[in-house]
Amino acid sequence: MTKVFTDGLSFALPLLIMAVGAIYSEKSGVTNLAIEGFQGFGAFFGALAAILLMPHLPKSSQVPIYAAMLFAAVGGAIYACLHALLCINFKANQVISGVVVNILAVALTTFFTSTANTAMLGTASNKFILGVSNRYSIPLLSRIPWIGGLFRKMYPFEWIIIGLVVVFWYLMYRTRYGMRLRACGENPQALDAAGGDVVKTRWIAVIISGALSGIGGICFAYSIMANFSPSIYMGYGYLAIAAMIFGNWDIPATVVVCLIFGIAKAGGQQLCIAMKLSGNYTDLFNMLPYVLTMLLLIFFSKRNHPPQACGQPWDHSRR
Amino acid sequence: MNEKKKGGLAGLLTSDRWANVTVSVLAVVLMLLTSSVILLLMGKNPLVAFRSFLQGCGFWPKANYGGGVGMLSDFFDYLNILAPMLLAALAFIVAFKTGLFNIGISGQMLLSGFLATALVGYLKDLSPWLAKPLVLVIGVAAGGLLGALIGWLKYRFNIHEVVSTIMVNYIISYTTGFFINTRYVDMLTRSSRICTPASRLTFTKVEIGGVRCNVPLGILIALAAAFLVKFIFDKTVFGFELKAVGTSRKCARYIGINVRRSIVLSMALSGVFAGLAGVTYYLGYTNTMVPKTLPGMGYDSIAVALLGNSSPLGAIFASMIVTIFQSGANYMSSSVGVAKEIASLITGILLLFAACGEFMKILGQRKIEKEEDKKIAALQAARSREHSGKGGGLS
């Protein structure tokens, strides 16, 4: 039972940070299917930084992990500029731009990983081996019965993510910029009339989206995968988008949704182990979060309220 | 001279008739330039690389061939992979014209390919005359039903098709992976056992002009499908209704079109083509399935549709171009020594430029406006000079 909570949380939190990124972009009025590409590219950038740093530090050093997270955010943000440029300045179709950005991310990272590996190690491998981050338990809280598992064996990045989510919740709902951002997605004309800059607000939102997704990607690389390879494109970015829609573009609701996903996934795996089924059956249990999403969407999609101006390029002269 | 050429390009970009074609051609040219730069940076000769792409798909003779294989065999292999690519692009186009994004083409391909393989592919003594049509029917039915389900979820429960298709993609990938691993797996290759030649949509090792070729049936189906889609959208009421729904859902409802029916039918038709793409891919191009792997073609087809300007005839040319890079990648990789992942990189770059089409048109528009402004300014300047000249004369 505690393992369900521990594993569930370590899956839910990276998913959450990506979903928060998606919320930022969509609340500003830019449809963002590119989360999958952002997280992959961010993870690639972070992993590359870690690989370059590792030989210069003692073996058990945890520094590369934090450096990787920083660089993943930077890489995701840089890559997000492409989506912003296409959607905001070039007025491309935003769904198509998202798909394009995703396909390009897979191609770019795979190509560069094998090229970098050939250059550094002489083997054409498409993986950066990273290892798994250390885990820590919180002394008192982890002894609480039932929910103690939530605080046991936590990755340090989980704490960073929780902190970031609080910060970005505050930014969106309690600051001037956050209000402008939300106005930008509902009625950009109103923001323009009030003296705000729609293009600038959206650019910042998409860049934040990329940075947060990059962090989510590198956290998956350091926990579930233990390496960076094309298998980072597992569809978690899309799952984050589903979490956002199901959470009705609202950060607190999305937190709950991500926790449900995480616990469903970890619960499925533990169930599979508990029932002593063969390895093949894990596939069926891995399917669980997706089936759950579909079912929940059927029940909750009707009363969804997506940002009104989402998906429309900003046109100054329209009313 | 240069100035005049640029003006011509801007003119083409803004003309109603040629704008879309010009954008596609520009995208291809820009892609060739960008990938040449990448190849140069890696210290390879881009011309040699592009030639070996063409050699790999039988458009250009290779230096030497193995016994019994020739340029024609390479060309037929190229057609073999072109067929599902074109069908998948048509699947995207049908939905896109109705304002829907079928991101689930991969899943629909996988499901129809799996069902056809499982139900027909392993039947030992079935006549090819029965097996091949049966495979096609299963492909059409599976793809069509799955597409209709997505459409139904869209209108009944307001689930955005992008999200539902992505979820369904993963569900199908895991389920078919489970069944392949438990029932149909070949222990040696770790993918499904190969299906019987009777059920395969490609005739293998046919002797043409002294070389062995794998002749695909799929390419005929794909070309027929392209003209069928063109006919539906250009000549039928049904096609017009779909286009009307795609242009403006509210307006379509206002003039009395059943929008819900159109959405479901459009997704179903899109699924039918995706299903056909699935069977021509899994029971034609390959004859085995790798478990838990969605075909990347489902996403590449979006590139093809975009480059072909979501017109069926444009898709034929676009799929021919994109497939050259996909199909020639292996030969290029072995002869030039660049990782074959560069093929998908090139496709991605092409896609990027094709997505900038709207911006290119805006640039063309601006260019023309600027020139007109210049003319007007020049005219005004001449006039005011005349005026001031007169004034000077009077004083």
# chains A, B, ... in the order shown; residues from 1 in each chain; ligands from 1
call {"tool": "select_by_dssp", "arguments": {"residues": "region 34-256 of chain A", "states": "alpha helix (DSSP H)", "output": "VMD selection string"}}
result
chain A and resid 35 to 53 63 to 84 94 to 120 156 to 174 176 to 186 188 to 193 198 to 220 236 to 246 251 to 256
call {"tool": "closest_atom_pairs", "arguments": {"of": "chain B", "to": "chain A", "cutoff": "9 Å", "atoms": "only C-alpha atoms", "output": "JSON lines"}}
result
{"residue": "B:Phe101", "atom": "CA", "partner": "A:Val95", "partner_atom": "CA", "distance": 8.2}
{"residue": "B:Ile103", "atom": "CA", "partner": "A:Val99", "partner_atom": "CA", "distance": 8.7}
{"residue": "B:Leu153", "atom": "CA", "partner": "A:Ile298", "partner_atom": "CA", "distance": 7.7}
{"residue": "B:Arg156", "atom": "CA", "partner": "A:Lys302", "partner_atom": "CA", "distance": 8.9}
{"residue": "B:Phe157", "atom": "CA", "partner": "A:Ile298", "partner_atom": "CA", "distance": 5.7}
{"residue": "B:Asn158", "atom": "CA", "partner": "A:Lys302", "partner_atom": "CA", "distance": 5.8}
{"residue": "B:Ile159", "atom": "CA", "partner": "A:Ser301", "partner_atom": "CA", "distance": 5.9}
{"residue": "B:His160", "atom": "CA", "partner": "A:Ser301", "partner_atom": "CA", "distance": 8.7}
{"residue": "B:Val162", "atom": "CA", "partner": "A:Leu33", "partner_atom": "CA", "distance": 8.9}
{"residue": "B:Val163", "atom": "CA", "partner": "A:Ala242", "partner_atom": "CA", "distance": 6.4}
{"residue": "B:Ser164", "atom": "CA", "partner": "A:Met294", "partner_atom": "CA", "distance": 6.8}
{"residue": "B:Ile166", "atom": "CA", "partner": "A:Tyr238", "partner_atom": "CA", "distance": 7.2}
{"residue": "B:Met167", "atom": "CA", "partner": "A:Tyr290", "partner_atom": "CA", "distance": 5.5}
{"residue": "B:Val168", "atom": "CA", "partner": "A:Tyr290", "partner_atom": "CA", "distance": 7.7}
{"residue": "B:Tyr170", "atom": "CA", "partner": "A:Tyr290", "partner_atom": "CA", "distance": 7.1}
{"residue": "B:Ile171", "atom": "CA", "partner": "A:Met287", "partner_atom": "CA", "distance": 5.7}
{"residue": "B:Ile172", "atom": "CA", "partner": "A:Met287", "partner_atom": "CA", "distance": 8.9}
{"residue": "B:Ser173", "atom": "CA", "partner": "A:Met287", "partner_atom": "CA", "distance": 8.9}
{"residue": "B:Tyr174", "atom": "CA", "partner": "A:Asp283", "partner_atom": "CA", "distance": 5.5}
{"residue": "B:Thr175", "atom": "CA", "partner": "A:Leu284", "partner_atom": "CA", "distance": 6.4}
{"residue": "B:Gly177", "atom": "CA", "partner": "A:Asp283", "partner_atom": "CA", "distance": 7.4}
{"residue": "B:Phe178", "atom": "CA", "partner": "A:Asp283", "partner_atom": "CA", "distance": 6.1}
{"residue": "B:Phe179", "atom": "CA", "partner": "A:Asn280", "partner_atom": "CA", "distance": 8.9}
{"residue": "B:Asn181", "atom": "CA", "partner": "A:Asn280", "partner_atom": "CA", "distance": 6.8}
{"residue": "B:Thr182", "atom": "CA", "partner": "A:Asn280", "partner_atom": "CA", "distance": 7.0}
{"residue": "B:Lys292", "atom": "CA", "partner": "A:Asp283", "partner_atom": "CA", "distance": 8.7}
{"residue": "B:Tyr299", "atom": "CA", "partner": "A:Ile103", "partner_atom": "CA", "distance": 7.5}
{"residue": "B:Asp300", "atom": "CA", "partner": "A:Ile103", "partner_atom": "CA", "distance": 8.1}
{"residue": "B:Ile302", "atom": "CA", "partner": "A:Val99", "partner_atom": "CA", "distance": 8.4}
{"residue": "B:Ala303", "atom": "CA", "partner": "A:Val100", "partner_atom": "CA", "distance": 7.8}
{"residue": "B:Leu306", "atom": "CA", "partner": "A:Ile96", "partner_atom": "CA", "distance": 8.7}
{"residue": "B:Ala339", "atom": "CA", "partner": "A:Phe111", "partner_atom": "CA", "distance": 7.3}
{"residue": "B:Lys340", "atom": "CA", "partner": "A:Phe111", "partner_atom": "CA", "distance": 8.4}
{"residue": "B:Glu341", "atom": "CA", "partner": "A:Phe111", "partner_atom": "CA", "distance": 5.5}
{"residue": "B:Ile342", "atom": "CA", "partner": "A:Phe111", "partner_atom": "CA", "distance": 6.4}
{"residue": "B:Ala343", "atom": "CA", "partner": "A:Ala107", "partner_atom": "CA", "distance": 8.4}
{"residue": "B:Ser344", "atom": "CA", "partner": "A:Ala107", "partner_atom": "CA", "distance": 5.5}
{"residue": "B:Leu345", "atom": "CA", "partner": "A:Ala107", "partner_atom": "CA", "distance": 4.8}
{"residue": "B:Ile346", "atom": "CA", "partner": "A:Ala107", "partner_atom": "CA", "distance": 8.4}
{"residue": "B:Thr347", "atom": "CA", "partner": "A:Leu104", "partner_atom": "CA", "distance": 8.2}
{"residue": "B:Gly348", "atom": "CA", "partner": "A:Leu104", "partner_atom": "CA", "distance": 4.7}
{"residue": "B:Ile349", "atom": "CA", "partner": "A:Leu104", "partner_atom": "CA", "distance": 7.0}
{"residue": "B:Leu351", "atom": "CA", "partner": "A:Val100", "partner_atom": "CA", "distance": 6.2}
{"residue": "B:Leu352", "atom": "CA", "partner": "A:Val100", "partner_atom": "CA", "distance": 6.2}
{"residue": "B:Ala355", "atom": "CA", "partner": "A:Ala92", "partner_atom": "CA", "distance": 6.3}
{"residue": "B:Cys356", "atom": "CA", "partner": "A:Ala92", "partner_atom": "CA", "distance": 6.2}
{"residue": "B:Gly357", "atom": "CA", "partner": "A:Ala92", "partner_atom": "CA", "distance": 7.6}
{"residue": "B:Glu358", "atom": "CA", "partner": "A:Ala92", "partner_atom": "CA", "distance": 6.1}
{"residue": "B:Phe359", "atom": "CA", "partner": "A:Phe90", "partner_atom": "CA", "distance": 4.9}
{"residue": "B:Met360", "atom": "CA", "partner": "A:Phe90", "partner_atom": "CA", "distance": 8.5}
{"residue": "B:Ile362", "atom": "CA", "partner": "A:Phe90", "partner_atom": "CA", "distance": 8.6}
call {"tool": "residues_around", "arguments": {"residues": "Gly364 (chain B)", "least_positions_apart": "4", "cutoff": "7 Å", "atoms": "only C-alpha atoms", "output": "mmCIF file with N, CA, C and O atoms, in the first residue's frame"}}
result
data_model
loop_
_atom_site.group_PDB
_atom_site.id
_atom_site.type_symbol
_atom_site.label_atom_id
_atom_site.label_comp_id
_atom_site.auth_asym_id
_atom_site.auth_seq_id
_atom_site.Cartn_x
_atom_site.Cartn_y
_atom_site.Cartn_z
ATOM 1 N N ALA B 10 6.230 37.069 -54.799
ATOM 2 C CA ALA B 10 5.178 37.651 -53.966
ATOM 3 C C ALA B 10 3.847 37.572 -54.690
ATOM 4 O O ALA B 10 2.813 37.286 -54.094
ATOM 5 N N GLY B 11 3.901 37.818 -56.016
ATOM 6 C CA GLY B 11 2.682 37.729 -56.805
ATOM 7 C C GLY B 11 2.094 36.333 -56.756
ATOM 8 O O GLY B 11 0.895 36.146 -56.557
ATOM 9 N N LEU B 13 2.563 34.155 -54.388
ATOM 10 C CA LEU B 13 2.113 33.843 -53.029
ATOM 11 C C LEU B 13 0.751 34.447 -52.736
ATOM 12 O O LEU B 13 0.045 33.997 -51.848
ATOM 13 N N THR B 14 0.382 35.501 -53.467
ATOM 14 C CA THR B 14 -0.896 36.132 -53.171
ATOM 15 C C THR B 14 -1.976 35.775 -54.176
ATOM 16 O O THR B 14 -3.128 36.080 -53.959
ATOM 17 N N MET B 360 4.218 32.814 -44.972
ATOM 18 C CA MET B 360 4.787 33.133 -46.290
ATOM 19 C C MET B 360 3.805 33.970 -47.087
ATOM 20 O O MET B 360 4.182 34.922 -47.756
ATOM 21 N N ILE B 368 3.922 43.112 -51.576
ATOM 22 C CA ILE B 368 3.149 43.785 -52.624
ATOM 23 C C ILE B 368 2.625 45.128 -52.126
ATOM 24 O O ILE B 368 2.709 46.146 -52.813
#
